[in-house]
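Here the structure is laid out as structure tokens; the discussion comes afterwards.
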Amino acid sequence: MIPDLGEEEAQAAAEAIRSGWVAQGPRVARFEQEFAAAVGAGHGVAVSSCTTGLHLALVLLDIRPGDEVVVPSLSFIATANAVRYVGATPVFADVELATGNLTVETVDAVRTERTRAVIAVHQGGVPFDTAALRKATDGWGIGLVEDAACAAGSTAYGAPAGTGARVAAWSFHPRKLITTGEGGMVTVDDAEAAVRLKRLREHGMNVSAADRHAAKQPVLEAYLETAFNYRMTDIQAAVGLVQLGKLAGLVAQRRQLAARYQELLADIDGLVPVRDPAYGQTNYQSFWVLLDGFRTGRDEVLTELAAKGVSARRGIMAAHLEPAYADVTPGPLPVTERITRESLILPLHHKLTHEDQDHIVGVLRSLAN
Ligand SMILES: Cc1ncc(COP(=O)(O)O)c(C=O)c1O
């Protein structure tokens with residue numbers, strides 16, 4: 001992933017610095033409003049990363065030690081780590097092969113009476129079945145946190161992936177479609193939840209530092225609960241506002257390039273490229289290809305691509321295979337293990353040319369025969 005950053009972002013950051021307001025302030029407030037509107041949510045709360053956003057989402061749901069939270073192992077490790085931040089236990093569920101996402105069935109298979117919530121990931125931008133999982137978790141009486149780190153610009157059931165989410169966390173890390181350097185957002189529809197999240201990201205204060213500084217009269221703040229400093233800066237938000245304006249164009253371009261990859265790869269035996277699920281559209285944040293009886297092994301494919309100047313990456317990681325989770329013994333996760341071992345992510349970014357794609361597919365074709 002190469003971030004699409006240019007002169008406009010540099011100007012916006014410079015303006016924030018010249019304004020003298022560099023910590024969380026008016027630009028963060030604007031970015032929150034515009035981002036929430038773009039993803040179909042009632043309120044946005046900007047935070048320092050998606051990881052800290054996931055942490056706050058679990059605090060909001062009052063998840064505590066002794067509680068279990070179902071997560072996919074097939075995700076960046078931050079998804080599972082957030083559960084440990086609140087002292088709860090992550091329980092790994094398997095995913096479906098086509099989307100790499102949790103389903104009602106895979107969650108149900110590991111659910112116990114201690115399960116208090118699920119964190120479902122829109123993996124690599126591919127939306128999970130929001131209607132099905134929201135309905136199931138409501139029926140079970142447990143929370144659903146949507147890890148939308150990769151999902152800006154993805155859709156489900158004809159609306160942005162965040163529409164209707166009770167709480168979703170987004171990432172603006174440079175590996176995502178739009179970036180603020182580091183940064184994240186939590187979106188909710190409920191106004192009271194937004195107020196609590198704003199307090200949680202800012203030391204538990206009942207009045208934000210920005211409002212306190214802007215007030216004409218002295219304002220004495222109170223600290224209502226033990227909380228965190230997970231704020232975004234106005235410099236980041238200034239960049240984010242410019243980036244948000246580029247989102248639709250970036251998604252359209254990626255979808256065109258992905259469609260071209262799919263066409264070029266169609267007649268190569270043993271390669272299954274990621275596709276839109278029936279209920280939505282991916283932003284193709286990650287264009288992964290599953291090896292399914294391909295003649296060459298995954299790691300050899302990566303080595304050959306690298307030798308020909310192509311920086312493809314291994315597929316999505318599986319947290320339960322990492323040393324940090326060596327103390328966890330999950331139930332069987334056959335699909336997760338298959339995807340993580342037998343998939344690779346092909347280059348897809350705004351500078352990728354048709355010639356680049358032809359070259360990449362040419363190398364893959366040579367490894368198929
Ligand atoms: C699914 C998922 N969740 C969470 C994160 C963490 O995001 P951040 O780097 O903004 O903390 C990532 C980042 O790659 C991710 O892919």
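Residues in the structure tokens are numbered from 1 in each chain, the chains being A, B, ... in the order shown, and ligands are numbered from 1 in the order shown.
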Using only C-alpha atoms and all ligand atoms, what table do you get, as JSON lines, when you list each residue of chain A with an atom no more than 10 Å from ligand 1, its nearest pair of atoms, and their distance in Å rounded to one decimal, rows by chain then rising number?
{"residue": "A:Val47", "atom": "CA", "partner": "ligand 1", "partner_atom_place_in_ligand_line": "10 (O)", "distance": 9.2}
{"residue": "A:Ser48", "atom": "CA", "partner": "ligand 1", "partner_atom_place_in_ligand_line": "10 (O)", "distance": 7.6}
{"residue": "A:Ser49", "atom": "CA", "partner": "ligand 1", "partner_atom_place_in_ligand_line": "10 (O)", "distance": 3.9}
{"residue": "A:Cys50", "atom": "CA", "partner": "ligand 1", "partner_atom_place_in_ligand_line": "10 (O)", "distance": 3.7}
{"residue": "A:Thr51", "atom": "CA", "partner": "ligand 1", "partner_atom_place_in_ligand_line": "11 (O)", "distance": 3.7}
{"residue": "A:Thr52", "atom": "CA", "partner": "ligand 1", "partner_atom_place_in_ligand_line": "11 (O)", "distance": 6.5}
{"residue": "A:Gly53", "atom": "CA", "partner": "ligand 1", "partner_atom_place_in_ligand_line": "11 (O)", "distance": 7.8}
{"residue": "A:Leu54", "atom": "CA", "partner": "ligand 1", "partner_atom_place_in_ligand_line": "4 (C)", "distance": 7.7}
{"residue": "A:Pro72", "atom": "CA", "partner": "ligand 1", "partner_atom_place_in_ligand_line": "1 (C)", "distance": 9.5}
{"residue": "A:Leu74", "atom": "CA", "partner": "ligand 1", "partner_atom_place_in_ligand_line": "1 (C)", "distance": 8.8}
{"residue": "A:Ser75", "atom": "CA", "partner": "ligand 1", "partner_atom_place_in_ligand_line": "1 (C)", "distance": 5.3}
{"residue": "A:Phe76", "atom": "CA", "partner": "ligand 1", "partner_atom_place_in_ligand_line": "15 (C)", "distance": 4.8}
{"residue": "A:Ile77", "atom": "CA", "partner": "ligand 1", "partner_atom_place_in_ligand_line": "4 (C)", "distance": 7.3}
{"residue": "A:Ala78", "atom": "CA", "partner": "ligand 1", "partner_atom_place_in_ligand_line": "4 (C)", "distance": 5.0}
{"residue": "A:Thr79", "atom": "CA", "partner": "ligand 1", "partner_atom_place_in_ligand_line": "3 (N)", "distance": 5.1}
{"residue": "A:Ala80", "atom": "CA", "partner": "ligand 1", "partner_atom_place_in_ligand_line": "3 (N)", "distance": 8.8}
{"residue": "A:Asn81", "atom": "CA", "partner": "ligand 1", "partner_atom_place_in_ligand_line": "4 (C)", "distance": 9.4}
{"residue": "A:Ala82", "atom": "CA", "partner": "ligand 1", "partner_atom_place_in_ligand_line": "4 (C)", "distance": 9.0}
{"residue": "A:Ile119", "atom": "CA", "partner": "ligand 1", "partner_atom_place_in_ligand_line": "3 (N)", "distance": 9.7}
{"residue": "A:Ala120", "atom": "CA", "partner": "ligand 1", "partner_atom_place_in_ligand_line": "1 (C)", "distance": 8.9}
{"residue": "A:Val121", "atom": "CA", "partner": "ligand 1", "partner_atom_place_in_ligand_line": "1 (C)", "distance": 5.7}
{"residue": "A:His122", "atom": "CA", "partner": "ligand 1", "partner_atom_place_in_ligand_line": "1 (C)", "distance": 7.0}
{"residue": "A:Gln123", "atom": "CA", "partner": "ligand 1", "partner_atom_place_in_ligand_line": "1 (C)", "distance": 6.0}
{"residue": "A:Gly124", "atom": "CA", "partner": "ligand 1", "partner_atom_place_in_ligand_line": "16 (O)", "distance": 6.9}
{"residue": "A:Gly125", "atom": "CA", "partner": "ligand 1", "partner_atom_place_in_ligand_line": "1 (C)", "distance": 8.8}
{"residue": "A:Glu146", "atom": "CA", "partner": "ligand 1", "partner_atom_place_in_ligand_line": "3 (N)", "distance": 9.5}
{"residue": "A:Asp147", "atom": "CA", "partner": "ligand 1", "partner_atom_place_in_ligand_line": "3 (N)", "distance": 5.7}
{"residue": "A:Ala148", "atom": "CA", "partner": "ligand 1", "partner_atom_place_in_ligand_line": "1 (C)", "distance": 6.8}
{"residue": "A:Ala149", "atom": "CA", "partner": "ligand 1", "partner_atom_place_in_ligand_line": "2 (C)", "distance": 4.8}
{"residue": "A:Cys150", "atom": "CA", "partner": "ligand 1", "partner_atom_place_in_ligand_line": "16 (O)", "distance": 5.8}
{"residue": "A:Ala151", "atom": "CA", "partner": "ligand 1", "partner_atom_place_in_ligand_line": "1 (C)", "distance": 8.9}
{"residue": "A:Ala169", "atom": "CA", "partner": "ligand 1", "partner_atom_place_in_ligand_line": "4 (C)", "distance": 8.1}
{"residue": "A:Trp170", "atom": "CA", "partner": "ligand 1", "partner_atom_place_in_ligand_line": "10 (O)", "distance": 7.0}
{"residue": "A:Ser171", "atom": "CA", "partner": "ligand 1", "partner_atom_place_in_ligand_line": "10 (O)", "distance": 4.0}
{"residue": "A:Phe172", "atom": "CA", "partner": "ligand 1", "partner_atom_place_in_ligand_line": "10 (O)", "distance": 5.7}
{"residue": "A:His173", "atom": "CA", "partner": "ligand 1", "partner_atom_place_in_ligand_line": "10 (O)", "distance": 5.0}
{"residue": "A:Pro174", "atom": "CA", "partner": "ligand 1", "partner_atom_place_in_ligand_line": "9 (O)", "distance": 8.5}
{"residue": "A:Arg175", "atom": "CA", "partner": "ligand 1", "partner_atom_place_in_ligand_line": "14 (O)", "distance": 7.0}
{"residue": "A:Lys176", "atom": "CA", "partner": "ligand 1", "partner_atom_place_in_ligand_line": "14 (O)", "distance": 7.6}
{"residue": "A:Thr179", "atom": "CA", "partner": "ligand 1", "partner_atom_place_in_ligand_line": "10 (O)", "distance": 9.3}
{"residue": "A:Thr180", "atom": "CA", "partner": "ligand 1", "partner_atom_place_in_ligand_line": "10 (O)", "distance": 9.7}
{"residue": "A:Gly181", "atom": "CA", "partner": "ligand 1", "partner_atom_place_in_ligand_line": "10 (O)", "distance": 9.3}
{"residue": "A:Glu182", "atom": "CA", "partner": "ligand 1", "partner_atom_place_in_ligand_line": "10 (O)", "distance": 6.3}
{"residue": "A:Gly183", "atom": "CA", "partner": "ligand 1", "partner_atom_place_in_ligand_line": "10 (O)", "distance": 5.7}
{"residue": "A:Gly184", "atom": "CA", "partner": "ligand 1", "partner_atom_place_in_ligand_line": "10 (O)", "distance": 5.5}
{"residue": "A:Met185", "atom": "CA", "partner": "ligand 1", "partner_atom_place_in_ligand_line": "10 (O)", "distance": 8.8}
{"residue": "A:Gln285", "atom": "CA", "partner": "ligand 1", "partner_atom_place_in_ligand_line": "16 (O)", "distance": 9.7}
{"residue": "A:Ser286", "atom": "CA", "partner": "ligand 1", "partner_atom_place_in_ligand_line": "16 (O)", "distance": 9.8}
{"residue": "A:Ile316", "atom": "CA", "partner": "ligand 1", "partner_atom_place_in_ligand_line": "16 (O)", "distance": 8.8}
{"residue": "A:Met317", "atom": "CA", "partner": "ligand 1", "partner_atom_place_in_ligand_line": "16 (O)", "distance": 9.8}
Next, dump the selected residues to file, keeping only N, CA and C atoms, as a tab-separated table (two decimals), in the first residue's frame.
chain	number	residue	atom	x	y	z
A	47	VAL	N	-9.87	9.10	17.51
A	47	VAL	CA	-8.94	8.55	18.50
A	47	VAL	C	-7.56	8.39	17.87
A	48	SER	N	-6.62	7.91	18.66
A	48	SER	CA	-5.23	7.86	18.21
A	48	SER	C	-4.94	6.69	17.26
A	49	SER	N	-5.81	5.67	17.24
A	49	SER	CA	-5.62	4.53	16.33
A	49	SER	C	-6.89	3.68	16.37
A	50	CYS	N	-6.98	2.74	15.47
A	50	CYS	CA	-8.10	1.79	15.53
A	50	CYS	C	-7.96	0.91	16.77
A	51	THR	N	-6.72	0.59	17.12
A	51	THR	CA	-6.48	-0.26	18.30
A	51	THR	C	-7.05	0.39	19.56
A	52	THR	N	-6.75	1.68	19.76
A	52	THR	CA	-7.29	2.36	20.94
A	52	THR	C	-8.81	2.51	20.81
A	53	GLY	N	-9.30	2.65	19.57
A	53	GLY	CA	-10.74	2.71	19.35
A	53	GLY	C	-11.43	1.41	19.75
A	54	LEU	N	-10.81	0.28	19.42
A	54	LEU	CA	-11.39	-1.02	19.82
A	54	LEU	C	-11.39	-1.15	21.34
A	72	PRO	N	-12.13	-13.16	15.39
A	72	PRO	CA	-11.48	-14.04	14.43
A	72	PRO	C	-9.99	-14.08	14.75
A	74	LEU	N	-8.06	-14.88	12.37
A	74	LEU	CA	-7.59	-14.35	11.08
A	74	LEU	C	-7.81	-12.85	11.04
A	75	SER	N	-6.89	-12.11	11.64
A	75	SER	CA	-6.99	-10.65	11.67
A	75	SER	C	-5.65	-10.11	12.12
A	76	PHE	N	-5.44	-8.82	11.91
A	76	PHE	CA	-4.28	-8.20	12.53
A	76	PHE	C	-4.42	-8.38	14.05
A	77	ILE	N	-3.31	-8.57	14.72
A	77	ILE	CA	-3.33	-9.01	16.13
A	77	ILE	C	-4.02	-8.02	17.07
A	78	ALA	N	-4.15	-6.76	16.62
A	78	ALA	CA	-4.78	-5.74	17.47
A	78	ALA	C	-6.22	-6.11	17.84
A	79	THR	N	-6.90	-6.86	16.96
A	79	THR	CA	-8.30	-7.22	17.25
A	79	THR	C	-8.37	-8.04	18.53
A	80	ALA	N	-7.53	-9.07	18.63
A	80	ALA	CA	-7.52	-9.92	19.83
A	80	ALA	C	-6.92	-9.17	21.02
A	81	ASN	N	-5.87	-8.39	20.79
A	81	ASN	CA	-5.22	-7.68	21.90
A	81	ASN	C	-6.19	-6.76	22.64
A	82	ALA	N	-7.10	-6.12	21.89
A	82	ALA	CA	-8.03	-5.17	22.52
A	82	ALA	C	-8.83	-5.86	23.63
A	119	ILE	N	-16.18	-9.31	18.35
A	119	ILE	CA	-15.59	-8.29	17.46
A	119	ILE	C	-15.52	-8.93	16.08
A	120	ALA	N	-16.32	-8.43	15.16
A	120	ALA	CA	-16.29	-8.95	13.79
A	120	ALA	C	-15.52	-7.97	12.91
A	121	VAL	N	-14.66	-8.52	12.07
A	121	VAL	CA	-13.77	-7.70	11.24
A	121	VAL	C	-14.28	-7.70	9.80
A	122	HIS	N	-14.28	-6.55	9.17
A	122	HIS	CA	-14.50	-6.48	7.71
A	122	HIS	C	-13.12	-6.72	7.08
A	123	GLN	N	-12.77	-7.98	6.91
A	123	GLN	CA	-11.37	-8.34	6.65
A	123	GLN	C	-10.86	-7.84	5.30
A	124	GLY	N	-9.79	-7.06	5.36
A	124	GLY	CA	-9.18	-6.54	4.14
A	124	GLY	C	-10.15	-5.68	3.33
A	125	GLY	N	-11.23	-5.23	3.98
A	125	GLY	CA	-12.23	-4.42	3.28
A	125	GLY	C	-13.44	-5.21	2.84
A	146	GLU	N	-17.75	-3.68	15.58
A	146	GLU	CA	-17.33	-3.90	14.20
A	146	GLU	C	-15.92	-3.33	14.01
A	147	ASP	N	-14.98	-4.21	13.72
A	147	ASP	CA	-13.61	-3.77	13.44
A	147	ASP	C	-13.58	-3.41	11.96
A	148	ALA	N	-13.76	-2.09	11.74
A	148	ALA	CA	-13.85	-1.58	10.37
A	148	ALA	C	-12.53	-0.91	9.98
A	149	ALA	N	-11.42	-1.39	10.57
A	149	ALA	CA	-10.11	-0.80	10.31
A	149	ALA	C	-9.86	-0.65	8.81
A	150	CYS	N	-10.29	-1.66	8.05
A	150	CYS	CA	-9.97	-1.70	6.61
A	150	CYS	C	-11.15	-1.30	5.74
A	151	ALA	N	-12.27	-0.86	6.32
A	151	ALA	CA	-13.53	-0.87	5.58
A	151	ALA	C	-14.03	0.49	5.11
A	169	ALA	N	-15.01	0.60	14.80
A	169	ALA	CA	-13.71	1.25	14.95
A	169	ALA	C	-12.98	1.22	13.60
A	170	TRP	N	-12.40	2.36	13.24
A	170	TRP	CA	-11.78	2.55	11.92
A	170	TRP	C	-10.32	2.93	12.08
A	171	SER	N	-9.51	2.64	11.08
A	171	SER	CA	-8.08	2.96	11.14
A	171	SER	C	-7.68	3.93	10.04
A	172	PHE	N	-6.78	4.86	10.40
A	172	PHE	CA	-6.18	5.75	9.40
A	172	PHE	C	-4.67	5.55	9.35
A	173	HIS	N	-4.24	4.32	9.62
A	173	HIS	CA	-2.82	3.98	9.46
A	173	HIS	C	-2.48	4.05	7.96
A	174	PRO	N	-1.24	4.36	7.61
A	174	PRO	CA	-0.91	4.51	6.17
A	174	PRO	C	-1.16	3.27	5.31
A	175	ARG	N	-1.38	2.11	5.93
A	175	ARG	CA	-1.70	0.93	5.11
A	175	ARG	C	-3.18	0.92	4.69
A	176	LYS	N	-3.96	1.88	5.20
A	176	LYS	CA	-5.39	1.90	4.87
A	176	LYS	C	-5.64	2.85	3.69
A	179	THR	N	-5.45	8.04	5.20
A	179	THR	CA	-4.54	8.01	6.35
A	179	THR	C	-4.38	9.38	7.01
A	180	THR	N	-4.09	9.33	8.32
A	180	THR	CA	-3.70	10.54	9.05
A	180	THR	C	-2.33	10.31	9.70
A	181	GLY	N	-1.54	9.40	9.17
A	181	GLY	CA	-0.25	9.01	9.77
A	181	GLY	C	-0.52	7.85	10.70
A	182	GLU	N	-0.90	8.13	11.92
A	182	GLU	CA	-1.59	7.19	12.81
A	182	GLU	C	-2.96	7.82	13.04
A	183	GLY	N	-3.89	7.06	13.54
A	183	GLY	CA	-5.19	7.66	13.84
A	183	GLY	C	-6.31	6.68	13.65
A	184	GLY	N	-7.44	6.98	14.27
A	184	GLY	CA	-8.60	6.12	14.14
A	184	GLY	C	-9.87	6.88	14.47
A	185	MET	N	-10.99	6.19	14.38
A	185	MET	CA	-12.30	6.79	14.67
A	185	MET	C	-13.18	5.69	15.24
A	285	GLN	N	-9.21	-3.01	-0.16
A	285	GLN	CA	-8.05	-2.58	0.65
A	285	GLN	C	-6.93	-3.61	0.52
A	286	SER	N	-7.29	-4.89	0.53
A	286	SER	CA	-6.30	-5.95	0.27
A	286	SER	C	-6.83	-6.83	-0.85
A	316	ILE	N	-3.27	-12.77	5.28
A	316	ILE	CA	-3.62	-12.21	6.58
A	316	ILE	C	-3.10	-13.15	7.68
A	317	MET	N	-2.59	-12.56	8.75
A	317	MET	CA	-2.02	-13.36	9.84
A	317	MET	C	-3.12	-14.06	10.65
| said: Going by DSSP on the backbone, which residues of range 36-271 of chain A come out as strand (DSSP E or B)? List them as an MDAnalysis selection string. | reply: chainID A and resid 43:47 68:72 74 89:93 115:121 143:147 155:156 159:160 167:171 184:188 202 205 223 229 271
| Arg199 in chain A environment, 12 Å, only C-alpha atoms, sequence neighbours closer than 3 positions dropped, as an MDAnalysis selection string | chainID A and resid 45:47 56 59:60 192:196 202:209 221:231
Please produce an output containing N, CA and C atoms for each residue in the selection, written as an mmCIF file, in the first residue's frame.
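Wrote it out as selection-v1.cif, contents follow:
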data_model
loop_
_atom_site.group_PDB
_atom_site.id
_atom_site.type_symbol
_atom_site.label_atom_id
_atom_site.label_comp_id
_atom_site.auth_asym_id
_atom_site.auth_seq_id
_atom_site.Cartn_x
_atom_site.Cartn_y
_atom_site.Cartn_z
ATOM 1 N N VAL A 45 -16.068 9.689 16.853
ATOM 2 C CA VAL A 45 -15.178 10.093 17.943
ATOM 3 C C VAL A 45 -13.757 9.744 17.499
ATOM 4 N N ALA A 46 -12.980 10.770 17.186
ATOM 5 C CA ALA A 46 -11.624 10.528 16.677
ATOM 6 C C ALA A 46 -10.724 10.055 17.805
ATOM 7 N N VAL A 47 -9.872 9.103 17.509
ATOM 8 C CA VAL A 47 -8.943 8.549 18.496
ATOM 9 C C VAL A 47 -7.560 8.393 17.866
ATOM 10 N N LEU A 56 -11.631 1.302 23.514
ATOM 11 C CA LEU A 56 -12.723 2.128 24.049
ATOM 12 C C LEU A 56 -14.086 1.491 23.784
ATOM 13 N N VAL A 59 -14.646 -0.954 26.466
ATOM 14 C CA VAL A 59 -14.941 -0.270 27.737
ATOM 15 C C VAL A 59 -16.388 0.217 27.713
ATOM 16 N N LEU A 60 -16.795 0.773 26.567
ATOM 17 C CA LEU A 60 -18.176 1.262 26.411
ATOM 18 C C LEU A 60 -19.177 0.138 26.673
ATOM 19 N N GLU A 192 -25.556 9.408 23.500
ATOM 20 C CA GLU A 192 -24.957 9.247 24.836
ATOM 21 C C GLU A 192 -23.671 8.426 24.784
ATOM 22 N N ALA A 193 -23.676 7.439 23.893
ATOM 23 C CA ALA A 193 -22.453 6.633 23.729
ATOM 24 C C ALA A 193 -21.316 7.515 23.201
ATOM 25 N N ALA A 194 -21.653 8.435 22.310
ATOM 26 C CA ALA A 194 -20.618 9.331 21.761
ATOM 27 C C ALA A 194 -20.043 10.217 22.863
ATOM 28 N N VAL A 195 -20.914 10.713 23.735
ATOM 29 C CA VAL A 195 -20.446 11.563 24.845
ATOM 30 C C VAL A 195 -19.495 10.759 25.743
ATOM 31 N N ARG A 196 -19.862 9.527 26.045
ATOM 32 C CA ARG A 196 -19.019 8.689 26.919
ATOM 33 C C ARG A 196 -17.675 8.402 26.239
ATOM 34 N N GLU A 202 -10.366 11.161 26.616
ATOM 35 C CA GLU A 202 -9.751 12.386 27.123
ATOM 36 C C GLU A 202 -9.765 12.429 28.644
ATOM 37 N N HIS A 203 -9.105 11.417 29.238
ATOM 38 C CA HIS A 203 -8.845 11.408 30.687
ATOM 39 C C HIS A 203 -10.097 11.363 31.549
ATOM 40 N N GLY A 204 -11.272 11.105 30.958
ATOM 41 C CA GLY A 204 -12.502 11.072 31.753
ATOM 42 C C GLY A 204 -13.062 12.448 32.069
ATOM 43 N N MET A 205 -12.556 13.486 31.358
ATOM 44 C CA MET A 205 -13.012 14.856 31.647
ATOM 45 C C MET A 205 -14.439 15.092 31.179
ATOM 46 N N ASN A 206 -15.198 15.853 31.956
ATOM 47 C CA ASN A 206 -16.591 16.123 31.573
ATOM 48 C C ASN A 206 -16.701 17.297 30.599
ATOM 49 N N VAL A 207 -15.594 17.992 30.343
ATOM 50 C CA VAL A 207 -15.593 19.053 29.327
ATOM 51 C C VAL A 207 -14.281 18.907 28.569
ATOM 52 N N SER A 208 -14.337 18.984 27.242
ATOM 53 C CA SER A 208 -13.102 18.730 26.492
ATOM 54 C C SER A 208 -12.134 19.889 26.687
ATOM 55 N N ALA A 209 -10.856 19.610 26.549
ATOM 56 C CA ALA A 209 -9.841 20.654 26.684
ATOM 57 C C ALA A 209 -10.112 21.749 25.656
ATOM 58 N N GLU A 221 -13.172 21.793 35.089
ATOM 59 C CA GLU A 221 -13.554 20.461 34.629
ATOM 60 C C GLU A 221 -13.554 19.475 35.784
ATOM 61 N N ALA A 222 -14.301 18.376 35.611
ATOM 62 C CA ALA A 222 -14.277 17.279 36.580
ATOM 63 C C ALA A 222 -13.867 16.005 35.840
ATOM 64 N N TYR A 223 -13.244 15.098 36.565
ATOM 65 C CA TYR A 223 -12.794 13.833 35.973
ATOM 66 C C TYR A 223 -13.709 12.738 36.497
ATOM 67 N N LEU A 224 -14.596 12.250 35.627
ATOM 68 C CA LEU A 224 -15.710 11.423 36.082
ATOM 69 C C LEU A 224 -15.340 9.952 36.218
ATOM 70 N N GLU A 225 -14.313 9.525 35.526
ATOM 71 C CA GLU A 225 -13.910 8.111 35.617
ATOM 72 C C GLU A 225 -12.450 8.013 35.189
ATOM 73 N N THR A 226 -11.829 6.889 35.521
ATOM 74 C CA THR A 226 -10.438 6.674 35.114
ATOM 75 C C THR A 226 -10.446 6.344 33.632
ATOM 76 N N ALA A 227 -9.754 7.153 32.850
ATOM 77 C CA ALA A 227 -9.849 6.953 31.397
ATOM 78 C C ALA A 227 -8.460 7.078 30.753
ATOM 79 N N PHE A 228 -8.401 7.548 29.547
ATOM 80 C CA PHE A 228 -7.192 7.397 28.725
ATOM 81 C C PHE A 228 -6.880 8.709 28.003
ATOM 82 N N ASN A 229 -5.651 8.794 27.473
ATOM 83 C CA ASN A 229 -5.371 9.846 26.497
ATOM 84 C C ASN A 229 -5.214 9.175 25.143
ATOM 85 N N TYR A 230 -6.307 9.120 24.392
ATOM 86 C CA TYR A 230 -6.320 8.497 23.064
ATOM 87 C C TYR A 230 -6.713 9.524 22.005
ATOM 88 N N ARG A 231 -6.313 10.795 22.229
ATOM 89 C CA ARG A 231 -6.767 11.853 21.321
ATOM 90 C C ARG A 231 -6.021 11.868 19.994
#
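Take the candidates A:Leu177, A:Pro277, A:Asp62, A:Gly309 and check each one against Gly249 in chain A using only C-alpha atoms; the shortest distance goes to A:Leu177.
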| How would you write, as an MDAnalysis selection string, the set of residues in range 27-179 of chain A that DSSP gives as alpha helix (DSSP H)? | chainID A and resid 27:38 50:60 78:85 104:108 130:140
| task | In Å, rounded to a single decimal, give me how far CA of Arg201 in chain A is from CA of His55 in chain A. | result | 10.1 Å
| field | Spatial neighbours of Met1 in chain A, max dist 7 Å, only C-alpha atoms, sep filter under 2 positions, as a PyMOL selection string | value | chain A and resi 3+175+348-349
Residue selection dump (all heavy atoms) as a short mmCIF file (atom, residue, chain, number, x, y, z; two decimals), in the first residue's frame:
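Contents of again.cif, freshly written:
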data_model
loop_
_atom_site.label_atom_id
_atom_site.label_comp_id
_atom_site.auth_asym_id
_atom_site.auth_seq_id
_atom_site.Cartn_x
_atom_site.Cartn_y
_atom_site.Cartn_z
N PRO A 3 0.43 5.29 0.41
CA PRO A 3 -0.60 6.30 0.68
C PRO A 3 -0.63 7.38 -0.39
O PRO A 3 0.41 7.75 -0.93
CB PRO A 3 -0.20 6.86 2.05
CG PRO A 3 1.19 6.43 2.30
CD PRO A 3 1.48 5.26 1.43
N ARG A 175 -1.38 2.11 5.93
CA ARG A 175 -1.70 0.93 5.11
C ARG A 175 -3.18 0.92 4.69
O ARG A 175 -3.59 0.06 3.92
CB ARG A 175 -1.41 -0.36 5.88
CG ARG A 175 0.02 -0.85 5.75
CD ARG A 175 0.12 -2.30 6.22
NE ARG A 175 -0.67 -2.51 7.42
CZ ARG A 175 -0.19 -2.52 8.66
NH1 ARG A 175 1.09 -2.35 8.85
NH2 ARG A 175 -0.99 -2.72 9.68
N LEU A 348 -1.66 -3.54 -4.80
CA LEU A 348 -2.80 -2.79 -5.32
C LEU A 348 -2.75 -1.42 -4.67
O LEU A 348 -2.95 -1.28 -3.46
CB LEU A 348 -4.13 -3.50 -4.98
CG LEU A 348 -5.41 -2.85 -5.53
CD1 LEU A 348 -5.32 -2.60 -7.03
CD2 LEU A 348 -6.62 -3.71 -5.25
N HIS A 349 -2.43 -0.41 -5.46
CA HIS A 349 -2.33 0.96 -4.93
C HIS A 349 -2.57 1.94 -6.08
O HIS A 349 -2.65 1.52 -7.25
CB HIS A 349 -0.96 1.19 -4.28
CG HIS A 349 0.20 0.78 -5.14
ND1 HIS A 349 0.66 1.56 -6.16
CD2 HIS A 349 0.96 -0.35 -5.16
CE1 HIS A 349 1.68 0.94 -6.76
NE2 HIS A 349 1.88 -0.23 -6.17
#
| field | Among listed residues A:Leu197, A:Ala93, A:Gly158, A:Asp358, nearest Val39 in chain A (using only C-alpha atoms) | value | A:Gly158
| query | Skipping near chain neighbours, those fewer than 6 positions away, what residues fall within 10 Å of Arg275 in chain A using only C-alpha atoms, listed as an MDAnalysis selection string? | reply | chainID A and resid 98:99 126 258:259 262 281:282 284 287:289
Contacts of Leu244 in chain A at 10 Å or less, counting only C-alpha atoms, minus same-chain residues fewer than 5 places along, as a short mmCIF file (atom, residue, chain, number, x, y, z; two decimals) with N, CA and C atoms, in the first residue's frame?
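Writing done, so here's around32.cif:
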data_model
loop_
_atom_site.label_atom_id
_atom_site.label_comp_id
_atom_site.auth_asym_id
_atom_site.auth_seq_id
_atom_site.Cartn_x
_atom_site.Cartn_y
_atom_site.Cartn_z
N PHE A 31 -13.65 16.75 11.25
CA PHE A 31 -13.32 15.44 10.69
C PHE A 31 -14.29 14.38 11.24
N GLU A 34 -17.65 14.82 9.42
CA GLU A 34 -17.64 14.45 7.99
C GLU A 34 -17.39 12.95 7.81
N PHE A 35 -16.56 12.38 8.66
CA PHE A 35 -16.30 10.94 8.53
C PHE A 35 -17.55 10.15 8.89
N ALA A 38 -19.91 10.20 6.15
CA ALA A 38 -19.46 9.39 5.00
C ALA A 38 -19.70 7.90 5.20
N ALA A 152 -13.23 1.54 5.22
CA ALA A 152 -13.71 2.84 4.72
C ALA A 152 -13.98 2.72 3.22
N GLY A 153 -15.20 2.98 2.82
CA GLY A 153 -15.55 2.90 1.40
C GLY A 153 -16.14 1.57 0.98
N LEU A 177 -6.88 2.84 3.18
CA LEU A 177 -7.16 3.67 2.01
C LEU A 177 -6.93 5.16 2.27
N ILE A 178 -7.39 5.63 3.44
CA ILE A 178 -7.12 7.04 3.77
C ILE A 178 -6.37 7.08 5.10
N THR A 179 -5.45 8.04 5.20
CA THR A 179 -4.54 8.01 6.35
C THR A 179 -4.38 9.38 7.01
N VAL A 239 -5.21 16.61 7.79
CA VAL A 239 -4.82 15.68 6.72
C VAL A 239 -6.00 14.74 6.41
N GLY A 249 -12.98 8.35 -4.95
CA GLY A 249 -12.14 8.16 -6.14
C GLY A 249 -11.16 7.00 -5.96
N LEU A 250 -10.60 6.91 -4.76
CA LEU A 250 -9.65 5.82 -4.49
C LEU A 250 -10.33 4.46 -4.58
#
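In terms of minimum interatomic distance to Ala12 in chain A, A:Ala238 ranks closest within A:Ala132, A:Ala319, A:Ala238, A:Ala159, counting only C-alpha atoms.
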